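Everything below belongs to input_3.cif, which stores mmCIF, C-alpha atoms.
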```cif
data_input
loop_
_atom_site.label_atom_id
_atom_site.label_comp_id
_atom_site.auth_asym_id
_atom_site.auth_seq_id
_atom_site.Cartn_x
_atom_site.Cartn_y
_atom_site.Cartn_z
CA MET A 7 31.62 -17.59 -6.31
CA THR A 8 32.83 -21.06 -7.01
CA ASP A 9 35.00 -20.72 -10.13
CA ARG A 10 38.63 -19.99 -9.67
CA LEU A 11 39.17 -16.93 -11.80
CA VAL A 12 42.37 -15.35 -10.60
CA PRO A 13 45.26 -16.09 -12.88
CA PRO A 14 48.35 -14.66 -11.32
CA THR A 15 49.17 -12.41 -14.24
CA SER A 16 45.74 -10.80 -14.72
CA HIS A 17 43.36 -8.64 -12.75
CA LEU A 18 40.31 -9.81 -10.85
CA SER A 19 37.14 -10.26 -12.84
CA GLU A 20 34.25 -7.85 -12.40
CA ALA A 21 32.35 -10.50 -10.46
CA GLU A 22 35.25 -10.99 -8.08
CA ARG A 23 35.68 -7.28 -7.52
CA GLN A 24 31.99 -6.76 -6.88
CA CYS A 25 31.73 -9.72 -4.54
CA ALA A 26 34.87 -8.67 -2.73
CA ALA A 27 33.36 -5.22 -2.29
CA ASP A 28 30.00 -6.32 -0.94
CA GLY A 29 31.22 -9.31 1.02
CA THR A 30 29.56 -12.04 -0.99
CA LEU A 31 32.68 -13.90 -2.03
CA GLY A 32 32.39 -17.61 -1.61
CA ASP A 33 34.72 -19.43 0.72
CA ASP A 34 36.51 -21.05 -2.19
CA ASP A 35 37.46 -17.73 -3.72
CA ARG A 36 38.04 -15.58 -0.69
CA ALA A 37 41.62 -16.56 0.02
CA ALA A 38 42.78 -16.23 -3.57
CA VAL A 39 41.02 -12.90 -4.10
CA THR A 40 42.38 -11.54 -0.83
CA ARG A 41 45.85 -12.60 -1.86
CA HIS A 42 45.46 -10.92 -5.23
CA LEU A 43 44.18 -7.73 -3.67
CA ALA A 44 47.23 -7.65 -1.43
CA GLU A 45 49.47 -7.74 -4.49
CA CYS A 46 47.52 -5.68 -7.06
CA ASP A 47 47.09 -2.00 -6.34
CA GLU A 48 44.75 -1.43 -9.24
CA CYS A 49 42.25 -4.09 -8.20
CA ALA A 50 42.56 -3.15 -4.56
CA ALA A 51 41.80 0.47 -5.36
CA ASP A 52 38.78 -0.45 -7.44
CA VAL A 53 37.40 -2.74 -4.76
CA ALA A 54 37.94 0.00 -2.22
CA ARG A 55 36.01 2.46 -4.37
CA LEU A 56 33.20 0.02 -4.88
CA ARG A 57 33.09 -0.68 -1.18
CA ALA A 58 33.02 3.01 -0.34
CA PHE A 59 30.19 3.54 -2.77
CA ILE A 60 28.15 0.69 -1.31
CA VAL A 61 28.70 1.92 2.21
CA ARG A 62 27.65 5.38 1.16
CA ALA A 63 24.48 4.05 -0.41
CA GLN A 64 23.67 2.04 2.69
CA GLU A 65 24.35 4.83 5.10
CA ARG A 66 22.57 7.62 3.37
CA THR A 67 19.19 8.59 4.65
CA ALA A 68 16.53 10.20 2.59
CA ALA A 69 15.53 13.69 3.51
CA PRO A 70 12.41 13.27 5.60
CA GLY A 71 9.88 15.15 3.51
CA ASP A 72 6.62 16.21 5.02
CA LEU A 73 4.42 13.17 4.75
CA ASP A 74 1.64 14.46 6.97
CA ASP A 75 -0.17 15.83 3.96
CA LEU A 76 -0.51 12.34 2.53
CA TRP A 77 -2.55 11.07 5.44
CA PRO A 78 -5.85 12.82 4.61
CA ALA A 79 -5.88 11.22 1.17
CA ILE A 80 -5.07 7.83 2.65
CA ARG A 81 -7.74 8.31 5.26
CA ALA A 82 -10.26 9.28 2.61
CA ARG A 83 -9.47 6.18 0.57
CA ILE A 84 -9.77 4.02 3.65
CA GLU A 85 -13.14 5.52 4.48
CA GLU A 86 -14.29 5.25 0.90
CA GLY A 87 -13.63 1.57 0.79
CA LYS A 88 -14.46 0.99 4.38
CA VAL A 89 -16.76 -1.77 5.29
CA ILE A 90 -19.57 -0.45 7.37
CA ALA A 91 -19.73 -2.79 10.28
CA LEU A 92 -23.20 -3.56 11.51
CA GLU A 93 -21.58 -5.17 14.46
CA ALA A 94 -20.09 -2.98 17.12
CA ARG A 95 -17.07 -4.96 18.10
CA GLY A 96 -14.12 -4.76 20.42
CA ALA A 97 -12.92 -1.35 21.33
CA ALA A 98 -15.32 0.25 18.93
CA ALA A 99 -18.18 -1.26 20.83
CA ALA A 100 -16.82 0.00 24.09
CA SER A 101 -16.32 3.46 22.72
CA THR A 102 -19.84 3.52 21.42
CA THR A 103 -21.16 3.51 24.92
CA ARG A 104 -19.08 6.54 25.77
CA ARG A 105 -19.59 8.63 22.70
CA ALA A 106 -22.85 10.11 21.61
CA PRO A 107 -23.36 10.26 17.88
CA ARG A 108 -22.85 13.74 16.56
CA VAL A 109 -25.89 13.84 14.37
CA ARG A 110 -27.74 16.88 15.47
CA GLY A 111 -31.36 16.59 16.22
CA GLN A 112 -32.90 15.31 13.02
CA TRP A 113 -33.60 11.74 13.90
CA TRP A 114 -37.11 12.27 12.71
CA LEU A 115 -35.65 12.22 9.22
CA LEU A 116 -34.71 8.61 9.59
CA ALA A 117 -37.91 7.72 11.32
CA GLY A 118 -39.85 9.48 8.62
CA ALA A 119 -37.88 7.74 5.93
CA VAL A 120 -38.49 4.37 7.50
CA ALA A 121 -42.20 5.06 7.80
CA ALA A 122 -42.36 6.39 4.27
CA ALA A 123 -40.57 3.37 2.91
CA ALA A 124 -42.91 1.05 4.76
CA ILE A 125 -46.00 2.93 3.62
CA LEU A 126 -44.80 3.04 0.06
CA ALA A 127 -43.97 -0.63 0.10
CA ILE A 128 -47.47 -1.45 1.32
CA THR A 129 -49.13 0.96 -1.08
CA LEU A 130 -47.28 -0.36 -4.05
CA HIS A 131 -47.37 -3.95 -2.93
CA ARG A 132 -47.07 -6.38 -5.79
CA PRO A 133 -45.27 -9.65 -6.20
CA PRO A 134 -41.54 -8.89 -6.23
CA ARG A 135 -39.78 -9.06 -9.52
CA GLN A 136 -36.12 -9.73 -9.93
CA THR A 137 -34.34 -7.09 -11.95
CA ALA A 138 -30.79 -6.69 -13.03
CA ALA A 139 -30.34 -3.94 -10.51
CA SER A 140 -31.94 -5.77 -7.66
CA ALA A 141 -30.13 -8.98 -8.46
CA GLY A 142 -26.81 -7.58 -7.30
CA GLN A 143 -26.89 -7.92 -3.58
CA PRO A 144 -24.35 -6.43 -1.20
CA PRO A 145 -22.67 -8.93 1.04
CA ALA A 146 -25.55 -10.81 2.56
CA PRO A 147 -25.57 -11.78 6.20
CA ALA A 148 -23.76 -15.05 6.43
CA GLY A 149 -25.27 -15.89 9.73
CA THR A 150 -25.58 -14.69 13.24
CA VAL A 151 -23.94 -15.51 16.48
CA GLN A 152 -25.15 -15.08 19.98
CA ARG A 153 -23.02 -12.74 21.95
CA GLY A 154 -24.21 -11.58 25.33
CA GLY A 155 -27.68 -12.89 24.55
CA ARG A 156 -27.93 -10.69 21.51
CA ALA A 157 -27.92 -11.72 17.93
CA ILE A 158 -25.21 -9.91 16.11
CA VAL A 159 -25.00 -9.78 12.40
CA GLN A 160 -21.61 -11.17 11.61
CA VAL A 161 -20.93 -9.77 8.21
CA SER A 162 -20.64 -6.22 7.10
CA ASP A 163 -22.41 -4.08 4.58
CA SER A 164 -20.39 -2.15 2.12
CA ALA A 165 -21.31 1.46 1.53
CA ARG A 166 -19.86 1.21 -1.91
CA ALA A 167 -21.98 -1.80 -2.78
CA TYR A 168 -25.09 0.02 -1.64
CA GLN A 169 -24.17 3.09 -3.61
CA GLN A 170 -23.70 1.04 -6.73
CA GLN A 171 -27.07 -0.59 -6.29
CA ILE A 172 -28.71 2.71 -5.50
CA SER A 173 -27.18 4.28 -8.57
CA ALA A 174 -28.56 1.52 -10.76
CA LEU A 175 -31.96 1.74 -9.14
CA LEU A 176 -32.07 5.52 -9.50
CA GLU A 177 -31.31 5.14 -13.16
CA GLU A 178 -34.13 2.65 -13.38
CA LEU A 179 -36.40 5.07 -11.57
CA GLU A 180 -35.66 7.82 -14.07
CA LEU A 181 -36.42 5.48 -16.91
CA ARG A 182 -39.75 4.64 -15.34
CA ARG A 183 -40.64 8.07 -13.99
CA SER A 184 -43.03 8.88 -16.80
CA MET A 185 -45.00 5.76 -15.90
CA LEU A 186 -45.46 6.76 -12.26
CA GLN A 187 -48.51 8.50 -10.96
CA PRO A 188 -47.58 12.09 -10.08
CA GLN A 189 -48.50 11.61 -6.44
CA THR A 190 -46.34 8.48 -6.18
CA ALA A 191 -43.40 10.21 -7.84
CA ALA A 192 -43.72 13.16 -5.48
CA THR A 193 -43.83 10.87 -2.48
CA VAL A 194 -40.79 8.96 -3.63
CA ASP A 195 -38.83 12.14 -4.29
CA HIS A 196 -39.77 13.48 -0.90
CA ASP A 197 -38.69 10.30 0.86
CA LEU A 198 -35.45 10.12 -1.07
CA ARG A 199 -34.66 13.67 -0.06
CA LEU A 200 -35.25 12.80 3.56
CA ILE A 201 -32.98 9.79 3.41
CA ASP A 202 -30.33 11.70 1.49
CA SER A 203 -30.38 14.41 4.12
CA ALA A 204 -29.85 11.81 6.79
CA ILE A 205 -27.01 10.21 4.82
CA VAL A 206 -25.28 13.54 4.30
CA GLU A 207 -25.58 14.38 7.96
CA LEU A 208 -24.29 10.99 9.03
CA GLN A 209 -21.37 11.24 6.64
CA GLU A 210 -20.55 14.64 8.04
CA ALA A 211 -20.76 13.29 11.57
CA LEU A 212 -18.48 10.40 10.65
CA LYS A 213 -15.87 12.84 9.40
CA HIS A 214 -15.63 14.10 12.96
CA ASP A 215 -15.98 10.75 14.63
CA PRO A 216 -14.95 8.09 12.12
CA ASP A 217 -14.64 5.30 14.64
CA ASN A 218 -18.14 5.66 15.95
CA ALA A 219 -19.73 2.30 15.30
CA ALA A 220 -23.23 3.58 15.99
CA LEU A 221 -22.90 6.20 13.29
CA ARG A 222 -21.67 3.63 10.85
CA GLN A 223 -24.59 1.41 11.67
CA LEU A 224 -26.97 4.27 11.06
CA LEU A 225 -25.30 5.14 7.81
CA ALA A 226 -25.58 1.54 6.68
CA ALA A 227 -29.23 1.55 7.71
CA SER A 228 -29.84 4.72 5.73
CA TYR A 229 -28.28 3.24 2.64
CA ARG A 230 -30.41 0.16 3.08
CA GLN A 231 -33.53 2.26 3.43
CA LYS A 232 -32.78 4.14 0.28
CA ARG A 233 -32.01 0.97 -1.62
CA ASP A 234 -35.10 -0.78 -0.31
CA LEU A 235 -37.30 2.17 -1.13
CA LEU A 236 -36.02 2.24 -4.69
CA ARG A 237 -36.22 -1.49 -4.97
CA SER A 238 -39.80 -1.61 -3.79
CA LEU A 239 -40.66 1.01 -6.36
CA ASP A 240 -38.85 -0.94 -9.02
CA ASN A 241 -40.68 -4.09 -8.07
CA ALA A 242 -44.01 -2.31 -8.07
CA SER A 243 -43.65 -0.64 -11.43
CA MET B 6 33.45 -6.24 5.15
CA ILE B 7 29.93 -5.43 4.12
CA ALA B 8 27.35 -7.88 5.28
CA PRO B 9 25.60 -9.41 2.28
CA THR B 10 22.12 -9.30 3.71
CA SER B 11 22.40 -6.64 6.32
CA GLY B 12 19.11 -5.02 5.45
CA LEU B 13 16.98 -6.80 7.98
CA ALA B 14 17.61 -4.10 10.51
CA ALA B 15 17.00 -1.41 7.94
CA ARG B 16 13.75 -3.07 7.02
CA THR B 17 12.49 -3.22 10.54
CA VAL B 18 13.74 0.01 12.01
CA THR B 19 11.22 2.80 12.15
CA ALA B 20 11.97 6.40 11.42
CA ASN B 21 12.39 7.21 15.08
CA GLY B 22 13.70 3.80 16.05
CA VAL B 23 10.66 3.01 18.17
CA ALA B 24 8.39 0.20 17.10
CA PRO B 25 4.67 0.62 17.73
CA SER B 26 3.20 -1.22 20.67
CA ASP B 27 1.34 -4.46 20.20
CA ASP B 28 -1.76 -2.71 21.43
CA VAL B 29 -1.60 -0.12 18.68
CA VAL B 30 -1.12 -2.82 16.07
CA ARG B 31 -3.99 -4.85 17.48
CA ARG B 32 -6.32 -1.87 17.55
CA ALA B 33 -5.43 -1.03 13.97
CA GLN B 34 -6.15 -4.61 12.98
CA GLN B 35 -9.56 -4.25 14.61
CA GLY B 36 -10.37 -1.25 12.47
CA ASP B 37 -9.22 1.62 14.62
CA VAL B 38 -8.21 4.24 12.07
CA GLY B 39 -6.59 6.36 14.74
CA ALA B 40 -4.27 3.51 15.63
CA PHE B 41 -3.54 2.97 11.96
CA GLU B 42 -2.69 6.63 11.61
CA SER B 43 -0.16 6.12 14.37
CA LEU B 44 1.36 3.26 12.39
CA TYR B 45 1.42 5.46 9.32
CA ARG B 46 3.32 8.17 11.13
CA THR B 47 5.77 5.60 12.46
CA TYR B 48 6.54 3.90 9.19
CA ALA B 49 5.77 6.47 6.51
CA PRO B 50 9.29 7.95 6.35
CA THR B 51 10.90 4.55 5.84
CA ILE B 52 8.30 3.46 3.32
CA HIS B 53 8.51 6.74 1.49
CA ALA B 54 12.28 6.47 1.25
CA LEU B 55 11.93 2.98 -0.20
CA ALA B 56 9.29 4.08 -2.69
CA ARG B 57 11.23 7.20 -3.64
CA ARG B 58 14.32 5.20 -4.43
CA MET B 59 12.55 2.44 -6.29
CA VAL B 60 10.22 4.65 -8.29
CA GLY B 61 12.75 7.39 -8.91
CA ASP B 62 10.20 10.19 -8.87
CA GLU B 63 8.96 12.08 -5.85
CA ARG B 64 5.45 12.76 -7.06
CA GLU B 65 4.90 9.20 -8.11
CA ALA B 66 6.50 7.93 -4.92
CA ARG B 67 3.99 9.84 -2.85
CA GLU B 68 1.16 8.29 -4.79
CA VAL B 69 2.68 4.88 -4.27
CA VAL B 70 3.00 5.55 -0.54
CA GLN B 71 -0.73 6.12 -0.45
CA ASP B 72 -1.33 2.87 -2.30
CA ILE B 73 0.95 1.05 0.10
CA PHE B 74 -0.82 2.23 3.21
CA VAL B 75 -4.27 1.68 1.78
CA ARG B 76 -3.19 -1.86 0.92
CA ALA B 77 -1.72 -2.24 4.38
CA TRP B 78 -5.02 -1.19 5.90
CA GLU B 79 -6.87 -3.71 3.79
CA ARG B 80 -4.53 -6.54 4.68
CA LEU B 81 -3.54 -5.67 8.19
CA ALA B 82 -5.83 -8.31 9.61
CA SER B 83 -3.67 -10.92 7.90
CA PHE B 84 -0.58 -9.80 9.81
CA ARG B 85 0.07 -12.60 12.28
CA GLY B 86 3.12 -11.25 14.01
CA GLU B 87 5.42 -13.88 12.55
CA SER B 88 7.76 -11.05 11.61
CA THR B 89 7.84 -7.52 12.87
CA LEU B 90 5.21 -5.23 11.46
CA GLY B 91 8.01 -3.22 9.88
CA THR B 92 9.26 -6.23 7.97
CA TRP B 93 5.73 -7.16 6.92
CA LEU B 94 5.02 -3.64 5.79
CA HIS B 95 8.32 -3.38 3.99
CA ARG B 96 7.67 -6.51 1.97
CA LEU B 97 4.18 -5.33 1.15
CA ALA B 98 5.61 -1.99 0.05
CA VAL B 99 8.12 -3.65 -2.25
CA ASN B 100 5.34 -5.66 -3.84
CA VAL B 101 3.15 -2.61 -4.35
CA VAL B 102 6.02 -0.66 -5.89
CA LEU B 103 6.88 -3.51 -8.22
CA GLU B 104 3.23 -3.82 -9.24
CA THR B 105 3.22 -0.12 -9.97
CA LEU B 106 6.36 -0.30 -12.01
CA ARG B 107 5.09 -3.28 -13.94
CA SER B 108 1.64 -1.91 -14.61
CA ALA B 109 2.89 1.50 -15.59
CA ARG B 110 5.57 0.02 -17.80
CA ARG B 111 7.56 3.07 -17.08
CA ASP B 112 10.62 1.59 -18.66
CA ALA B 113 10.62 -0.42 -21.82
CA ASN B 114 13.31 -2.73 -20.50
CA ARG B 115 12.28 -3.35 -16.98
CA PHE B 116 13.79 -6.51 -15.60
CA THR B 117 15.80 -7.53 -18.57
CA ASP B 118 19.24 -6.65 -19.67
CA ASP B 119 18.63 -3.06 -20.62
CA ASP B 120 20.71 -0.11 -21.53
CA VAL B 121 22.68 -0.56 -18.37
CA ALA B 122 23.53 -4.02 -19.49
CA ALA B 123 24.40 -2.78 -22.95
CA GLU B 124 27.14 -0.64 -21.55
CA PRO B 125 30.52 -2.17 -20.99
CA ILE B 126 31.34 -2.67 -17.37
CA SER B 127 33.79 0.03 -16.63
CA GLY B 128 37.01 -0.31 -14.86
CA PRO B 129 38.22 1.63 -11.90
CA THR B 130 37.13 5.20 -11.44
CA SER B 131 38.99 7.96 -9.78
CA ASP B 132 38.61 8.69 -6.10
CA ALA B 133 38.99 12.38 -6.71
CA ARG B 134 36.24 12.45 -9.28
CA LEU B 135 34.00 10.34 -7.07
CA ASP B 136 34.10 13.15 -4.55
CA ALA B 137 32.31 15.43 -6.98
CA ARG B 138 29.05 13.67 -6.62
CA MET B 139 25.44 14.30 -7.23
CA ASP B 140 22.74 13.07 -4.94
CA ILE B 141 22.27 9.34 -5.10
CA ASP B 142 18.54 9.68 -5.43
CA ALA B 143 18.95 11.79 -8.51
CA ALA B 144 21.38 9.30 -9.96
CA LEU B 145 19.05 6.44 -9.11
CA ALA B 146 16.27 8.16 -10.98
CA ARG B 147 18.38 7.95 -14.12
CA LEU B 148 18.69 4.20 -13.93
CA PRO B 149 16.24 1.95 -15.74
CA ALA B 150 13.63 0.60 -13.37
CA GLY B 151 14.97 -2.93 -13.34
CA ALA B 152 18.49 -1.98 -12.42
CA ARG B 153 17.26 0.59 -9.94
CA THR B 154 15.04 -1.96 -8.26
CA VAL B 155 17.80 -4.51 -7.90
CA PHE B 156 20.24 -1.93 -6.59
CA VAL B 157 17.81 -0.50 -4.05
CA LEU B 158 16.71 -3.89 -2.83
CA HIS B 159 20.23 -5.25 -2.48
CA ASP B 160 22.52 -2.40 -1.59
CA ILE B 161 20.12 -0.16 0.30
CA GLU B 162 17.45 -2.45 1.67
CA GLY B 163 19.65 -5.47 2.19
CA TYR B 164 17.76 -8.15 0.32
CA SER B 165 19.77 -11.14 -0.84
CA HIS B 166 20.05 -12.06 -4.49
CA GLU B 167 17.82 -15.04 -3.84
CA GLU B 168 15.15 -12.85 -2.25
CA ILE B 169 15.38 -10.40 -5.12
CA ALA B 170 15.04 -13.23 -7.58
CA THR B 171 11.89 -14.37 -5.83
CA ILE B 172 10.40 -10.91 -5.69
CA THR B 173 11.23 -9.80 -9.21
CA GLY B 174 11.17 -13.08 -11.08
CA LEU B 175 14.72 -12.54 -12.27
CA ALA B 176 17.25 -15.34 -12.27
CA PRO B 177 19.74 -14.79 -9.43
CA GLY B 178 22.56 -14.50 -11.90
CA THR B 179 20.71 -11.86 -13.86
CA ALA B 180 19.97 -9.97 -10.67
CA ARG B 181 23.67 -10.01 -9.80
CA ALA B 182 24.68 -8.76 -13.23
CA GLN B 183 22.12 -5.96 -13.06
CA LEU B 184 23.35 -5.00 -9.62
CA TRP B 185 26.96 -4.81 -10.68
CA ARG B 186 26.14 -2.76 -13.74
CA ALA B 187 23.88 -0.50 -11.72
CA ARG B 188 26.70 0.18 -9.28
CA ARG B 189 29.08 1.07 -12.07
CA ARG B 190 26.53 3.27 -13.74
CA LEU B 191 25.75 5.07 -10.50
CA MET B 192 29.41 5.59 -9.78
CA ARG B 193 29.84 7.14 -13.20
CA LEU B 194 26.75 9.32 -12.78
CA LEU B 195 27.98 10.51 -9.44
CA ASP B 196 31.35 11.04 -10.94
CA ALA B 197 30.05 13.35 -13.65
#
```
As structure tokens - that is how I would like this structure written.
Amino acid sequence: MTDRLVPPTSHLSEAERQCAADGTLGDDDRAAVTRHLAECDECAADVARLRAFIVRAQERTAAPGDLDDLWPAIRARIEEGKVIALEARGAAAASTTRRAPRVRGQWWLLAGAVAAAAILAITLHRPPRQTAASAGQPPAPAGTVQRGGRAIVQVSDSARAYQQQISALLEELELRRSMLQPQTAATVDHDLRLIDSAIVELQEALKHDPDNAALRQLLAASYRQKRDLLRSLDNAS
Amino acid sequence: MIAPTSGLAARTVTANGVAPSDDVVRRAQQGDVGAFESLYRTYAPTIHALARRMVGDEREAREVVQDIFVRAWERLASFRGESTLGTWLHRLAVNVVLETLRSARRDANRFTDDDVAAEPISGPTSDARLDARMDIDAALARLPAGARTVFVLHDIEGYSHEEIATITGLAPGTARAQLWRARRRLMRLLDA
């Protein structure tokens, strides 16, 4: 407040009352307003009421509602958008050595899927063709660094990006299904089921152990396998 | 005398008064969801109270709280420790709430002179009638979003007019006028 707004025969302005109440009066005005408040009961009472209201607003505390039930939804959104780190880093890396992945016993699914994908890729080998679906790459490795003598992929793969690509490729597959030889279609469907089973199991395991970097790596690998399988089929058709 | 920008403490204090350890913050920054959950449990009550007051609706506030913590997770790596985590989170929360209010366009007259401004600034009210009060949260919910935001940021959270102007895009003078009118309106609502 810099304007002098306190004529001796009138009340304080709204600005002066408010600033007097919340303590934001400027130095130039403070003495005159204080003097007026000492002489004017009406203004003094109003400033006191304003001040009491402000204090009340500042001092009140909200009833602490139960916020625990919000966490699962937040956690789910975090996991949904979570970057799947190919690199086991920091504490996560340390914990990986202590914790065994909780996928139960069906590692052959992944191995089978890998083999199937490789076989299919060889069987259907043709010069690769760029398609709209295959053009959209997930974050590509930006480079590698040597850490402890081991090359570590620096960047991360996004589950969501893979799922988007897979969705597009699956749509493409359905469009082309009638053009596939029955045996090829059956093989592809079988391999996709294997990979999907592995993905579901890994996702389930991650629900119980979400910080397990090894599981996340495997999940990322499974997504890649599925994408690559579909992509190879798309390229071959 | 009421300190003009006394909200710094309010912005940094956690629900239980105990700030998380640097180790917890660091682990959360490195992607440890368990550590982040610990931060959530530390700060959620304060953030919820802020959102509840600014949004004026419990259901919507709880949705905004989720948005705030998801955003915090996404940006936690950018926290450099130049302020306390509570202050950083508080500012992020204010921004998320304002984005929500803006995008939802919940009020037709958000940060302009609205129906609060259209009312004459009232004179003194009675102490006796002020005692018959309704809950401030309920009264806040009846304010237009713009006035509610300015009031919450200034009188409850302790932001200065200049900070509010920066956050909301209002001119400082406009923010002041909205604040004063919001106070009068709230006093009348509580008086009813």
request  = Could you check how far CA of Gln209 (chain A) sits from CA of Ala82 (chain A), in Å to one decimal?
outcome  =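 Separation between CA of Gln209 (chain A) and CA of Ala82 (chain A): 12.0 Å.
Atom to atom, CA of Leu158 (chain B) and CA of Leu56 (chain A) stand 17.1 Å apart.
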query = For the file shown, what are the residues hit by the PyMOL selection byres ((chain A) within 6 of (chain B)), laid out as a PyMOL selection string?
reply = chain A and resi 28-30+52+64+68+80
Mind giving me the axis-aligned box for region 50-66 of chain A with 6 Å on every side, centre plus edges in Å to one decimal, as lines of an AutoDock Vina configuration file?
```
center_x = 32.6
center_y = 2.2
center_z = -1.2
size_x = 32.0
size_y = 22.8
size_z = 24.5
```
ask   = In Å, how far is it from CA of Glu167 (chain B) to CA of Pro149 (chain B)?
value = 20.8 Å
task = Step by step, work through what the PyMOL selection byres ((chain B and resi 94-111) around 9) selects in the shown file, and finish by giving those residues as a count of residues only.
result = 32
task = Could you list the residues chosen by the PyMOL selection byres ((chain A and resi 44-47) around 12) in this structure as a ChimeraX atom specification?
result = /A:12,14-18,23,37-43,48-54 /B:129
ask   = Using all atoms listed in the file, which of the listed residues (A:Phe59, A:Ser19, A:Glu65, A:Arg233) sits closest to Ser173 (chain A)?
value = A:Arg233
